[in-house]
file entry_1.txt (compact mmCIF, C-alpha atoms)
# COMPACT_ATOMS: atom_id res chain seq x y z
CA MET A 26 12.40 32.02 7.86
CA ASP A 27 14.46 29.14 9.35
CA ARG A 28 17.34 27.59 7.44
CA PHE A 29 15.46 24.36 6.68
CA ALA A 30 12.70 26.33 4.96
CA VAL A 31 15.28 28.39 3.06
CA VAL A 32 17.01 25.28 1.68
CA GLU A 33 13.69 23.59 0.87
CA ARG A 34 12.56 26.70 -1.00
CA ALA A 35 15.85 26.81 -2.93
CA LEU A 36 15.34 23.20 -4.02
CA ARG A 37 11.82 23.93 -5.28
CA ALA A 38 13.13 26.88 -7.32
CA ALA A 39 16.13 25.00 -8.76
CA ALA A 40 16.38 23.96 -12.39
CA PRO A 41 15.72 20.18 -12.74
CA HIS A 42 19.33 19.36 -13.60
CA ALA A 43 20.78 21.64 -10.90
CA LEU A 44 19.20 20.19 -7.76
CA MET A 45 22.45 18.89 -6.31
CA ASP A 46 24.37 22.07 -7.12
CA VAL A 47 21.74 24.09 -5.28
CA ALA A 48 21.61 21.62 -2.39
CA THR A 49 25.40 21.63 -1.97
CA GLU A 50 25.61 25.42 -1.99
CA ALA A 51 22.73 25.71 0.49
CA LEU A 52 24.28 23.12 2.81
CA ARG A 53 27.57 25.02 2.76
CA GLU A 54 25.92 28.36 3.44
CA HIS A 55 23.39 27.35 6.09
CA TYR A 56 24.95 24.25 7.69
CA ASP A 57 28.67 24.97 7.24
CA ALA A 58 29.04 21.78 5.20
CA VAL A 59 32.48 21.06 3.78
CA ASP A 60 31.09 19.01 0.90
CA ALA A 61 28.07 16.99 -0.22
CA GLU A 62 27.40 14.33 -2.82
CA LEU A 63 24.38 12.43 -4.06
CA ARG A 64 24.46 8.80 -5.20
CA LEU A 65 21.47 6.99 -6.68
CA ALA A 66 20.79 3.26 -6.57
CA ASP A 67 21.26 1.62 -9.96
CA TYR A 68 18.45 -0.28 -11.66
CA GLY A 69 19.81 -3.59 -10.40
CA MET A 70 19.93 -2.32 -6.78
CA ARG A 71 23.57 -3.42 -6.56
CA SER A 72 25.53 -0.16 -6.71
CA LEU A 73 25.28 3.53 -5.85
CA GLN A 74 26.14 5.82 -8.75
CA LEU A 75 27.33 9.40 -8.26
CA VAL A 76 25.11 12.06 -9.82
CA GLU A 77 27.58 13.94 -12.04
CA PRO A 78 27.53 15.58 -15.49
CA VAL A 79 29.26 12.62 -17.16
CA PRO A 80 27.89 9.33 -15.76
CA LEU A 81 30.34 6.72 -14.40
CA THR A 82 33.23 9.19 -14.26
CA THR A 83 33.45 8.32 -10.56
CA GLU A 84 33.68 4.71 -9.41
CA PRO A 85 30.32 3.34 -8.19
CA LEU A 86 30.02 2.04 -4.64
CA PRO A 87 28.46 -1.34 -3.76
CA ILE A 88 25.16 -1.25 -1.88
CA HIS A 89 26.38 -4.21 0.15
CA GLY A 90 29.77 -3.33 1.57
CA SER A 91 29.89 0.48 1.82
CA PRO A 92 28.76 3.02 4.47
CA GLN A 93 26.55 4.66 1.85
CA GLY A 94 24.94 1.33 1.04
CA ARG A 95 24.35 0.67 4.71
CA ALA A 96 22.61 4.05 4.99
CA LEU A 97 20.37 3.13 2.05
CA ARG A 98 19.23 -0.06 3.80
CA ALA A 99 19.39 0.81 7.50
CA PRO A 100 16.59 2.40 9.54
CA GLU A 101 18.93 5.12 10.84
CA PRO A 102 21.50 7.41 9.11
CA VAL A 103 25.17 6.43 9.23
CA VAL A 104 27.51 8.92 10.97
CA LEU A 105 31.29 8.52 10.55
CA THR A 106 34.04 10.61 12.12
CA ASP A 107 37.36 11.12 10.31
CA ARG A 108 39.94 12.26 12.84
CA ALA A 109 42.61 12.62 10.16
CA THR A 110 40.67 15.39 8.39
CA GLY A 111 38.79 16.67 11.41
CA THR A 112 35.43 16.11 9.77
CA VAL A 113 32.29 14.07 10.29
CA THR A 114 30.27 12.65 7.39
CA VAL A 115 26.58 11.85 7.59
CA HIS A 116 25.08 9.39 5.07
CA LEU A 117 21.28 9.65 4.79
CA PRO A 118 18.74 7.91 2.51
CA VAL A 119 17.03 10.11 -0.08
CA CYS A 120 13.37 9.07 -0.20
CA ALA A 121 10.19 9.87 -2.08
CA ARG A 122 7.12 8.52 -0.24
CA GLY A 123 9.02 5.57 1.18
CA ASP A 124 10.93 4.79 -2.04
CA ARG A 125 14.65 4.98 -1.23
CA LEU A 126 16.22 6.49 -4.33
CA GLY A 127 19.78 6.91 -3.12
CA VAL A 128 22.00 8.44 -0.46
CA LEU A 129 23.02 12.02 0.34
CA SER A 130 26.45 12.25 2.01
CA VAL A 131 27.15 15.51 3.87
CA THR A 132 30.62 16.23 5.26
CA LEU A 133 30.68 18.67 8.18
CA PRO A 134 33.40 20.18 10.40
CA GLY A 135 34.30 17.87 13.26
CA SER A 136 33.09 20.44 15.79
CA THR A 137 29.52 20.23 14.42
CA ASP A 138 26.82 18.47 16.42
CA ALA A 139 26.07 16.12 13.54
CA VAL A 140 23.67 13.97 15.55
CA GLY A 141 21.66 17.06 16.49
CA LEU A 142 21.37 17.98 12.81
CA LEU A 143 20.03 14.58 11.74
CA PRO A 144 16.29 15.49 11.90
CA GLU A 145 16.82 18.57 9.70
CA LEU A 146 19.08 16.74 7.26
CA ALA A 147 16.60 13.86 7.04
CA GLY A 148 13.87 16.36 6.19
CA LEU A 149 16.05 17.88 3.49
CA CYS A 150 16.65 14.41 2.03
CA GLU A 151 12.89 13.91 1.77
CA ALA A 152 12.55 17.30 0.05
CA LEU A 153 15.39 16.40 -2.32
CA GLY A 154 13.80 13.02 -3.07
CA HIS A 155 10.49 14.63 -3.98
CA GLU A 156 12.23 17.16 -6.24
CA ILE A 157 14.18 14.39 -8.01
CA ALA A 158 10.92 12.51 -8.63
CA VAL A 159 9.43 15.64 -10.21
CA ALA A 160 12.61 16.55 -12.10
CA ASP A 161 12.66 13.12 -13.78
CA ARG A 162 9.89 14.43 -16.05
CA ASP A 163 12.15 17.16 -17.42
CA THR A 164 15.74 15.91 -17.40
CA ASP A 165 17.62 12.66 -18.09
CA LEU A 166 20.33 13.42 -15.53
CA TYR A 167 18.99 11.19 -12.75
CA GLN A 168 17.88 8.42 -15.09
CA ARG A 169 21.39 8.32 -16.57
CA ALA A 170 22.96 8.27 -13.12
CA ARG A 171 21.02 5.11 -12.22
CA ARG A 172 22.59 3.07 -15.03
CA ALA A 173 25.55 0.84 -14.31
CA THR A 174 25.41 -0.19 -17.96
CA ARG A 175 23.18 0.43 -20.94
CA LEU A 176 19.53 -0.68 -20.85
CA THR A 177 18.05 -2.60 -23.74
CA VAL A 178 15.19 -0.85 -25.55
CA ALA A 179 12.72 -3.32 -24.04
CA ALA A 180 14.05 -2.65 -20.53
CA GLU A 181 13.81 1.11 -21.14
CA MET A 182 10.13 0.64 -21.98
CA GLN A 183 9.50 -1.50 -18.91
CA TRP A 184 11.22 0.76 -16.37
CA HIS A 185 9.36 3.74 -17.79
CA LEU A 186 6.10 1.97 -16.85
CA LEU A 187 7.00 1.22 -13.23
CA PRO A 188 5.77 3.32 -10.28
CA GLY A 189 9.03 2.94 -8.30
CA HIS A 190 10.80 0.33 -6.17
CA SER A 191 8.80 0.82 -2.98
CA PHE A 192 6.00 2.77 -1.31
CA ARG A 193 4.78 3.24 2.24
CA ARG A 194 1.67 4.40 4.05
CA HIS A 195 0.71 3.84 7.65
CA GLU A 196 -1.55 0.89 6.67
CA PHE A 197 1.06 -0.94 4.58
CA ALA A 198 4.50 -0.92 2.99
CA LEU A 199 5.53 -2.58 -0.25
CA GLY A 200 8.58 -3.18 -2.41
CA ALA A 201 9.25 -4.80 -5.78
CA HIS A 202 12.11 -5.61 -8.12
CA LEU A 203 12.71 -6.97 -11.64
CA GLU A 204 15.58 -9.05 -12.99
CA PRO A 205 17.51 -9.07 -15.23
CA ALA A 206 17.33 -5.34 -14.54
CA TYR A 207 19.09 -4.16 -17.70
CA SER A 208 17.38 -6.48 -20.18
CA THR A 209 13.95 -7.20 -18.72
CA SER A 210 11.10 -7.23 -21.23
CA GLY A 211 7.80 -8.87 -20.27
CA ASP A 212 7.35 -8.71 -16.48
CA ASN A 213 5.80 -5.68 -14.81
CA PHE A 214 4.32 -4.50 -11.52
CA ASP A 215 2.03 -1.60 -10.80
CA TRP A 216 0.22 -0.09 -7.81
CA SER A 217 -2.16 2.73 -7.02
CA VAL A 218 -3.55 4.04 -3.72
CA SER A 219 -6.79 5.90 -3.04
CA ALA A 220 -8.45 6.90 0.23
CA GLU A 221 -10.14 3.49 0.39
CA HIS A 222 -7.99 1.00 -1.55
CA LEU A 223 -4.54 -0.20 -2.52
CA THR A 224 -4.56 -1.83 -5.96
CA VAL A 225 -1.60 -4.01 -6.96
CA THR A 226 -0.98 -5.82 -10.24
CA VAL A 227 1.76 -8.18 -11.40
CA THR A 228 1.92 -8.88 -15.13
CA ASN A 229 3.93 -11.37 -17.17
CA GLY A 230 3.72 -10.75 -20.93
CA MET A 231 4.67 -13.69 -23.15
CA GLY A 232 7.56 -13.47 -25.59
CA GLU A 233 10.93 -11.77 -25.50
CA GLY A 234 12.52 -8.41 -26.14
CA VAL A 235 10.61 -5.48 -27.59
CA GLU A 236 7.64 -7.65 -28.59
CA ALA A 237 7.10 -8.69 -24.97
CA ALA A 238 7.55 -5.09 -23.80
CA LEU A 239 4.97 -3.83 -26.32
CA LEU A 240 2.49 -6.48 -25.18
CA THR A 241 2.99 -5.60 -21.52
CA ASN A 242 2.74 -1.87 -22.26
CA LEU A 243 -0.63 -2.45 -23.91
CA ALA A 244 -1.87 -4.57 -20.99
CA VAL A 245 -0.71 -2.16 -18.29
CA GLY A 246 -2.14 0.81 -20.18
CA ALA A 247 -5.50 -0.95 -20.50
CA MET A 248 -5.55 -1.89 -16.79
CA ARG A 249 -4.76 1.67 -15.77
CA ASN A 250 -7.43 2.98 -18.12
CA ALA A 251 -10.03 0.69 -16.55
CA ARG A 252 -8.91 1.43 -13.00
CA ARG A 253 -8.95 5.19 -13.57
CA ALA A 254 -12.43 4.88 -15.03
CA GLY A 255 -13.54 3.53 -11.65
CA LEU A 256 -14.19 -0.04 -12.78
CA GLY A 257 -14.06 -2.96 -10.36
CA LEU A 258 -11.27 -5.53 -10.38
CA ALA A 259 -13.06 -8.12 -12.53
CA ASP A 260 -13.98 -5.45 -15.08
CA GLN A 261 -10.38 -4.21 -15.14
CA ALA A 262 -9.33 -7.73 -16.09
CA ALA A 263 -12.10 -8.03 -18.69
CA LEU A 264 -11.33 -4.69 -20.36
CA THR A 265 -7.62 -5.56 -20.52
CA ASP A 266 -8.48 -8.99 -21.91
CA GLN A 267 -10.52 -7.33 -24.67
CA ALA A 268 -7.79 -4.79 -25.49
CA VAL A 269 -5.09 -7.45 -25.80
CA TYR A 270 -7.29 -9.84 -27.79
CA ALA A 271 -8.41 -7.07 -30.14
CA HIS A 272 -4.78 -6.41 -31.09
CA TYR A 273 -3.24 -9.90 -31.03
CA ARG A 274 -6.31 -12.11 -31.72
CA GLY A 275 -5.09 -14.72 -29.25
CA SER A 276 -1.56 -15.06 -30.64
CA ALA A 277 -0.14 -13.32 -27.56
CA TYR A 278 -1.44 -12.89 -24.02
CA VAL A 279 -0.42 -11.81 -20.54
CA SER A 280 -0.54 -13.70 -17.25
CA THR A 281 -1.71 -11.36 -14.52
CA VAL A 282 -2.72 -11.23 -10.89
CA LEU A 283 -4.76 -8.23 -9.70
CA LEU A 284 -5.37 -7.44 -6.02
CA ARG A 285 -7.33 -4.72 -4.30
CA PHE A 286 -6.90 -4.19 -0.54
CA GLU A 287 -9.61 -2.40 1.43
CA LEU A 288 -7.53 -0.19 3.70
CA ALA A 289 -10.11 0.00 6.49
CA THR A 290 -10.61 -3.76 6.89
CA GLY A 291 -7.82 -5.75 5.21
CA GLU A 292 -10.36 -7.42 2.91
CA VAL A 293 -8.61 -8.37 -0.36
CA GLU A 294 -10.17 -9.00 -3.76
CA ILE A 295 -8.07 -10.99 -6.21
CA VAL A 296 -8.27 -12.03 -9.84
CA GLU A 297 -5.64 -14.64 -10.74
CA ALA A 298 -5.35 -14.83 -14.51
CA GLY A 299 -2.28 -16.92 -15.21
CA SER A 300 1.03 -17.74 -13.63
CA PRO A 301 2.02 -15.12 -10.99
CA ARG A 302 1.59 -16.84 -7.62
CA ALA A 303 0.94 -15.47 -4.13
CA TRP A 304 2.42 -16.42 -0.76
CA LEU A 305 1.23 -15.44 2.71
CA CYS A 306 3.58 -15.19 5.69
CA ARG A 307 1.67 -15.16 8.98
CA ASP A 308 3.01 -15.92 12.46
CA ALA A 309 6.31 -17.22 11.01
CA LYS A 310 4.42 -19.69 8.80
CA VAL A 311 4.60 -19.49 4.98
CA ASP A 312 1.68 -20.72 2.87
CA ASN A 313 1.08 -20.75 -0.87
CA LEU A 314 -2.29 -19.10 -1.54
CA VAL A 315 -4.30 -21.08 -4.09
CA PHE A 316 -7.06 -19.45 -6.13
CA ASP A 317 -9.17 -20.50 -9.09
CA ALA A 318 -6.90 -20.36 -12.13
CA GLN A 319 -8.53 -18.18 -14.77
CA LEU A 320 -7.39 -17.67 -18.36
CA PRO A 321 -4.54 -15.24 -19.11
CA LEU A 322 -5.66 -11.89 -20.48
CA GLY A 323 -6.08 -11.83 -24.27
CA MET A 324 -6.08 -15.57 -24.87
CA PHE A 325 -9.73 -15.72 -25.99
CA GLU A 326 -12.40 -13.19 -26.85
CA ASP A 327 -14.85 -11.98 -24.18
CA THR A 328 -13.51 -14.06 -21.30
CA HIS A 329 -15.49 -13.61 -18.08
CA TYR A 330 -13.44 -12.96 -14.92
CA VAL A 331 -14.55 -13.28 -11.30
CA THR A 332 -13.02 -12.07 -8.07
CA GLU A 333 -12.17 -14.14 -5.01
CA HIS A 334 -11.65 -12.83 -1.49
CA PHE A 335 -9.41 -13.30 1.50
CA ARG A 336 -8.44 -11.12 4.46
CA VAL A 337 -5.03 -9.98 5.66
CA GLN A 338 -4.27 -9.34 9.33
CA PRO A 339 -1.85 -6.83 10.88
CA GLY A 340 1.62 -8.36 10.71
CA ASP A 341 0.93 -10.36 7.54
CA ARG A 342 3.37 -10.37 4.63
CA LEU A 343 2.16 -11.12 1.10
CA LEU A 344 4.61 -11.99 -1.67
CA LEU A 345 3.98 -12.33 -5.42
CA ALA A 346 6.47 -13.91 -7.83
CA THR A 347 6.45 -14.70 -11.54
CA ASP A 348 7.61 -17.93 -13.21
CA GLY A 349 11.14 -16.61 -13.71
CA VAL A 350 11.70 -16.92 -9.95
CA TYR A 351 10.61 -20.57 -9.69
CA GLU A 352 12.18 -22.04 -12.83
CA PRO A 353 15.97 -21.33 -12.72
CA LEU A 354 17.97 -24.52 -12.25
CA SER A 355 20.86 -25.22 -9.93
CA ARG A 356 24.04 -26.96 -11.10
CA ALA A 357 22.29 -30.19 -10.10
CA ALA A 358 19.38 -29.28 -12.43
CA GLU A 359 16.99 -28.62 -9.55
CA PRO A 360 14.56 -25.70 -9.97
CA PHE A 361 14.45 -22.97 -7.32
CA GLY A 362 10.77 -23.88 -6.85
CA ASP A 363 8.29 -23.43 -4.05
CA HIS A 364 10.41 -24.87 -1.25
CA ALA A 365 13.42 -22.65 -1.87
CA LEU A 366 11.21 -19.57 -2.16
CA ALA A 367 9.47 -20.43 1.12
CA ARG A 368 12.89 -20.85 2.79
CA SER A 369 14.00 -17.49 1.43
CA LEU A 370 10.88 -15.80 2.80
CA THR A 371 11.49 -17.33 6.22
CA ALA A 372 15.19 -16.41 6.25
CA ASN A 373 14.45 -12.80 5.27
CA ARG A 374 11.38 -12.31 7.46
CA LEU A 375 13.00 -9.50 9.50
CA LEU A 376 13.83 -7.35 6.47
CA PRO A 377 11.49 -4.51 5.50
CA PRO A 378 9.42 -5.19 2.35
CA SER A 379 11.50 -2.75 0.31
CA GLN A 380 14.51 -5.08 0.76
CA VAL A 381 12.81 -8.47 0.50
CA PRO A 382 12.70 -8.70 -3.34
CA SER A 383 16.45 -8.07 -3.66
CA ALA A 384 17.11 -10.59 -0.87
CA VAL A 385 15.08 -13.24 -2.71
CA PHE A 386 17.06 -12.54 -5.89
CA ARG A 387 20.34 -12.93 -3.98
CA ASP A 388 19.15 -16.33 -2.72
CA LEU A 389 18.13 -17.20 -6.28
CA ALA A 390 21.61 -16.23 -7.53
CA VAL A 391 23.23 -18.52 -4.95
CA HIS A 392 20.96 -21.35 -6.09
CA ARG A 393 21.63 -21.04 -9.81
CA GLY A 394 25.27 -19.98 -9.73
CA GLU A 395 26.94 -17.59 -12.16
CA GLY A 396 25.39 -16.25 -15.34
CA PRO A 397 22.36 -14.11 -16.18
CA LEU A 398 18.76 -15.19 -15.73
CA GLN A 399 17.35 -16.74 -18.88
CA ASP A 400 13.87 -15.34 -18.27
CA ASP A 401 12.32 -12.28 -16.68
CA ALA A 402 11.68 -12.63 -12.96
CA LEU A 403 9.71 -10.39 -10.62
CA VAL A 404 9.15 -10.30 -6.86
CA LEU A 405 6.70 -7.99 -5.08
CA CYS A 406 6.27 -7.89 -1.30
CA VAL A 407 3.47 -6.23 0.74
CA ASP A 408 3.54 -5.88 4.52
CA TRP A 409 0.12 -5.21 6.00
CA TYR A 410 -0.02 -3.11 9.20
CA GLY A 411 -3.77 -2.47 9.23
CA PRO A 412 -5.75 0.74 9.73
CA GLU A 413 -3.96 1.39 13.03
CA GLY A 414 -0.67 1.48 11.15
CA ARG A 415 2.85 0.96 12.38
CA ASP A 416 5.80 3.28 12.90
CA GLY A 417 9.00 2.63 11.02
CA ALA A 418 10.53 2.97 7.60
CA ALA A 419 9.85 0.70 4.68
call {"tool": "encode", "arguments": {"input": "entry_1.txt", "output": "C-alpha cells"}}
result
Amino acid sequence: MDRFAVVERALRAAAPHALMDVATEALREHYDAVDAELRLADYGMRSLQLVEPVPLTTEPLPIHGSPQGRALRAPEPVVLTDRATGTVTVHLPVCARGDRLGVLSVTLPGSTDAVGLLPELAGLCEALGHEIAVADRDTDLYQRARRATRLTVAAEMQWHLLPGHSFRRHEFALGAHLEPAYSTSGDNFDWSVSAEHLTVTVTNGMGEGVEAALLTNLAVGAMRNARRAGLGLADQAALTDQAVYAHYRGSAYVSTVLLRFELATGEVEIVEAGSPRAWLCRDAKVDNLVFDAQLPLGMFEDTHYVTEHFRVQPGDRLLLATDGVYEPLSRAAEPFGDHALARSLTANRLLPPSQVPSAVFRDLAVHRGEGPLQDDALVLCVDWYGPEGRDGAA
C-alpha cells in the first residue's frame, strides 16, 4: 500500500477531534515533515484560525495579506523556502467538493522535492477536507475554530442551515456569503444537485434576531421538504407559502427566489417571490434580469406561483443579492444600489465565483465606510460552464 493510501486510511479511522493529530503524525512518518498546522477560514472569510484545543490561543492570520491566505484564494499552492532554518513550507487549500475550508501548512526539510510532492499533498488536503465535513456532525472543534468572535443565537441557527460557502461540478461553480457574519438572522441560501438539476434558493425572512431566524428556518425546511418529495419549483414555493402562512397567518413572510438549472441544456426555471434580485454577466456586459414579481411566501393563504424561464450559456455568470446589499448608504447618503453592484461585478469578473461574494462585500464596505451593516445582506454567484464543463478550481 502506497504512503498516500496509508495516510488517507489513517484519516478515515481517526476520532473526529483528532484528525489533525493523526495527519501531522502521518506526515512526519511518511513524508518526513518537520511540522504541520491546519487553519480554517472564519465565518466572515477575513481570517484563518488555527485548529487547536483552546480556540484563539494562537493569533489568527488575515486572509488578505498572508501566504496562507494567498493559498486559500490562489489556484496553485504556495511554496516558501526558509534558508535560515533550512526548510520549505507548502501551504495548500483544504477543500470539500470545491468548498475551500482552510489551509494546511506542511513544513519539510529543505532537501525535499516539495514541488514533486504537491499532487500527493493536494490529494491529502481533499481527504482531510472530506473528513472535517463528516466530523462536524460529531465534534464542535472545527466549528469553534472558525469563530473570530462569538455568534449570536440567530446567527448560529442560520449558519447551521447553510450548505457551505461554495461548490463545484464540471457544469458549474458557485459561491455565497452572508453579512454581518456573526449576527446574521433572516437571510439564507441553499442549493442541491441531482443528476439532472441544480436547484438554488435565496431567502430573506422579515424581522430581526431570533424571530427572523425562526421564520427562515421554517421556510427553508418547508422548501427542502417539498424539493425532496420531488415537487416542481412552483409547487415548492406553494408548499412553503402554505407552511409559513399556517404558522404566522400573514403577520410574517419571506422573500424568496428559487432557480432550477437543467444541467444538460442550461435551461433555467425561476420563481421570484419578493426582493432578491438576479444579475446576468455575459460577454463582459452586466444586465439586471427582470421577472414577474410574485407575492412573498406566507403573505396570503393559497397563493398560486408560476415559473418563468431563461437560458444560460457557457461563460455566463449569474449573481443574486438581497436588499441588504443595495440599501447601505455612503457618507453622502447615496445607496450602494444597482449601478455600484454592476460596477463591482465588472471589476471582479476575473475572480472565481467562490471569491466574488466576499469581493462584493469589500466594495460595499468601501462605499459605506466604517461600522457594521444595519441589515442582513447576501450575495450568491453561479458560473455556468455547460455540459462540456471547464477545468479549474472554483
call {"tool": "residues_around", "arguments": {"input": "entry_1.txt", "residues": "Ser91 of chain A", "least_positions_apart": "2", "cutoff": "12 Å", "atoms": "all atoms listed in the file", "output": "ChimeraX atom specification"}}
result
/A:71-73,85-89,93-99,103,105,116,128
call {"tool": "residues_around", "arguments": {"input": "entry_1.txt", "residues": "Ala277 of chain A", "least_positions_apart": "6", "cutoff": "9 Å", "atoms": "all atoms listed in the file", "output": "mmCIF file with C-alpha atoms, in the coordinates of the input"}}
result
data_model
loop_
_atom_site.group_PDB
_atom_site.id
_atom_site.type_symbol
_atom_site.label_atom_id
_atom_site.label_comp_id
_atom_site.auth_asym_id
_atom_site.auth_seq_id
_atom_site.Cartn_x
_atom_site.Cartn_y
_atom_site.Cartn_z
ATOM 1 C CA GLY A 230 3.720 -10.750 -20.930
ATOM 2 C CA MET A 231 4.670 -13.690 -23.150
ATOM 3 C CA GLY A 232 7.560 -13.470 -25.590
ATOM 4 C CA ALA A 237 7.100 -8.690 -24.970
ATOM 5 C CA LEU A 240 2.490 -6.480 -25.180
ATOM 6 C CA VAL A 269 -5.090 -7.450 -25.800
ATOM 7 C CA TYR A 270 -7.290 -9.840 -27.790
ATOM 8 C CA GLY A 323 -6.080 -11.830 -24.270
ATOM 9 C CA MET A 324 -6.080 -15.570 -24.870
#
call {"tool": "residues_near_point", "arguments": {"input": "entry_1.txt", "point": "(1.5, 0.4, 9.6)", "cutoff": "8 Å", "atoms": "all atoms listed in the file", "output": "PyMOL selection string"}}
result
chain A and resi 194-198+409-417
call {"tool": "closest_residue", "arguments": {"input": "entry_1.txt", "among": "A:Lys310, A:His185, A:Arg393, A:Arg122", "to": "Gly154 of chain A", "atoms": "all atoms listed in the file"}}
result
A:Arg122
call {"tool": "closest_atom_pairs", "arguments": {"input": "entry_1.txt", "of": "segment 140-170 of chain A", "to": "segment 42-53 of chain A", "cutoff": "10 Å", "atoms": "all atoms listed in the file", "output": "JSON lines"}}
result
{"residue": "A:Leu146", "atom": "CA", "partner": "A:Leu52", "partner_atom": "CA", "distance": 9.4}
{"residue": "A:Leu149", "atom": "CA", "partner": "A:Ala48", "partner_atom": "CA", "distance": 8.9}
{"residue": "A:Cys150", "atom": "CA", "partner": "A:Ala48", "partner_atom": "CA", "distance": 9.8}
{"residue": "A:Leu153", "atom": "CA", "partner": "A:Leu44", "partner_atom": "CA", "distance": 7.6}
{"residue": "A:Glu156", "atom": "CA", "partner": "A:Leu44", "partner_atom": "CA", "distance": 7.8}
{"residue": "A:Ile157", "atom": "CA", "partner": "A:Leu44", "partner_atom": "CA", "distance": 7.7}
{"residue": "A:Ala160", "atom": "CA", "partner": "A:His42", "partner_atom": "CA", "distance": 7.4}
{"residue": "A:Asp161", "atom": "CA", "partner": "A:His42", "partner_atom": "CA", "distance": 9.1}
{"residue": "A:Asp163", "atom": "CA", "partner": "A:His42", "partner_atom": "CA", "distance": 8.4}
{"residue": "A:Thr164", "atom": "CA", "partner": "A:His42", "partner_atom": "CA", "distance": 6.3}
{"residue": "A:Asp165", "atom": "CA", "partner": "A:His42", "partner_atom": "CA", "distance": 8.2}
{"residue": "A:Leu166", "atom": "CA", "partner": "A:His42", "partner_atom": "CA", "distance": 6.3}
{"residue": "A:Tyr167", "atom": "CA", "partner": "A:His42", "partner_atom": "CA", "distance": 8.2}
call {"tool": "closest_residue", "arguments": {"input": "entry_1.txt", "among": "A:Ala206, A:Ala220, A:Leu283, A:Val31", "to": "Met248 of chain A", "atoms": "only C-alpha atoms"}}
result
A:Leu283
call {"tool": "atom_distance", "arguments": {"input": "entry_1.txt", "atom1": "atom CA of Val131 of chain A", "atom2": "atom CA of His202 of chain A"}}
result
28.6 Å
call {"tool": "atom_distance", "arguments": {"input": "entry_1.txt", "atom1": "atom CA of Pro41 of chain A", "atom2": "atom CA of Phe192 of chain A"}}
result
23.0 Å
call {"tool": "closest_residue", "arguments": {"input": "entry_1.txt", "among": "A:Ala372, A:Val227, A:Ala365, A:Leu199", "to": "Val407 of chain A", "atoms": "only C-alpha atoms"}}
result
A:Leu199
call {"tool": "residues_around", "arguments": {"input": "entry_1.txt", "residues": "segment 233-235 of chain A", "least_positions_apart": "4", "cutoff": "10 Å", "atoms": "all atoms listed in the file", "output": "MDAnalysis selection string"}}
result
chainID A and resid 177:183 208:211 239:241 400:401
call {"tool": "atom_distance", "arguments": {"input": "entry_1.txt", "atom1": "atom CA of Asp57 of chain A", "atom2": "atom CA of Val32 of chain A"}}
result
12.9 Å
call {"tool": "closest_residue", "arguments": {"input": "entry_1.txt", "among": "A:Val76, A:Leu258, A:Ala139, A:Val315", "to": "Pro102 of chain A", "atoms": "all atoms listed in the file"}}
result
A:Ala139
call {"tool": "residues_near_point", "arguments": {"input": "entry_1.txt", "point": "(1.7, -16.1, 5.1)", "cutoff": "9 Å", "atoms": "all atoms listed in the file", "output": "list in words"}}
result
Trp304, Leu305, Cys306, Arg307, Asp308, Ala309, Lys310, Val311, Asp312, Asn313, Leu314, Asp341, Arg342, Leu343 and Leu344 of chain A
call {"tool": "closest_residue", "arguments": {"input": "entry_1.txt", "among": "A:Thr226, A:Asp266, A:Arg336, A:Thr281", "to": "Val293 of chain A", "atoms": "all atoms listed in the file"}}
result
A:Arg336
call {"tool": "residues_around", "arguments": {"input": "entry_1.txt", "residues": "Glu297 of chain A", "least_positions_apart": "4", "cutoff": "8 Å", "atoms": "all atoms listed in the file", "output": "ChimeraX atom specification"}}
result
/A:281-283,301,316-319
call {"tool": "residues_around", "arguments": {"input": "entry_1.txt", "residues": "Pro353 of chain A", "least_positions_apart": "6", "cutoff": "12 Å", "atoms": "all atoms listed in the file", "output": "PDB file with C-alpha atoms, in the frame of the given file"}}
result
ATOM      1  CA  THR A 347       6.450 -14.700 -11.540  1.00  0.00           C
ATOM      2  CA  GLU A 359      16.990 -28.620  -9.550  1.00  0.00           C
ATOM      3  CA  PRO A 360      14.560 -25.700  -9.970  1.00  0.00           C
ATOM      4  CA  PHE A 361      14.450 -22.970  -7.320  1.00  0.00           C
ATOM      5  CA  GLY A 362      10.770 -23.880  -6.850  1.00  0.00           C
ATOM      6  CA  ASP A 363       8.290 -23.430  -4.050  1.00  0.00           C
ATOM      7  CA  ALA A 365      13.420 -22.650  -1.870  1.00  0.00           C
ATOM      8  CA  LEU A 366      11.210 -19.570  -2.160  1.00  0.00           C
ATOM      9  CA  PHE A 386      17.060 -12.540  -5.890  1.00  0.00           C
ATOM     10  CA  ASP A 388      19.150 -16.330  -2.720  1.00  0.00           C
ATOM     11  CA  LEU A 389      18.130 -17.200  -6.280  1.00  0.00           C
ATOM     12  CA  ALA A 390      21.610 -16.230  -7.530  1.00  0.00           C
ATOM     13  CA  VAL A 391      23.230 -18.520  -4.950  1.00  0.00           C
ATOM     14  CA  HIS A 392      20.960 -21.350  -6.090  1.00  0.00           C
ATOM     15  CA  ARG A 393      21.630 -21.040  -9.810  1.00  0.00           C
ATOM     16  CA  GLY A 394      25.270 -19.980  -9.730  1.00  0.00           C
ATOM     17  CA  GLU A 395      26.940 -17.590 -12.160  1.00  0.00           C
ATOM     18  CA  GLY A 396      25.390 -16.250 -15.340  1.00  0.00           C
ATOM     19  CA  PRO A 397      22.360 -14.110 -16.180  1.00  0.00           C
ATOM     20  CA  LEU A 398      18.760 -15.190 -15.730  1.00  0.00           C
ATOM     21  CA  GLN A 399      17.350 -16.740 -18.880  1.00  0.00           C
ATOM     22  CA  ASP A 400      13.870 -15.340 -18.270  1.00  0.00           C
ATOM     23  CA  ASP A 401      12.320 -12.280 -16.680  1.00  0.00           C
ATOM     24  CA  ALA A 402      11.680 -12.630 -12.960  1.00  0.00           C
TER      25      ALA A 402
END
call {"tool": "closest_residue", "arguments": {"input": "entry_1.txt", "among": "A:Val159, A:Thr83, A:Glu292, A:Gly141", "to": "Leu36 of chain A", "atoms": "all atoms listed in the file"}}
result
A:Val159
call {"tool": "axis_aligned_box", "arguments": {"input": "entry_1.txt", "around": "segment 31-38 of chain A", "padding_each_side": "5 Å", "output": "JSON"}}
result
{"center_x": 14.4, "center_y": 25.8, "center_z": -2.1, "size_x": 15.2, "size_y": 15.2, "size_z": 20.4}
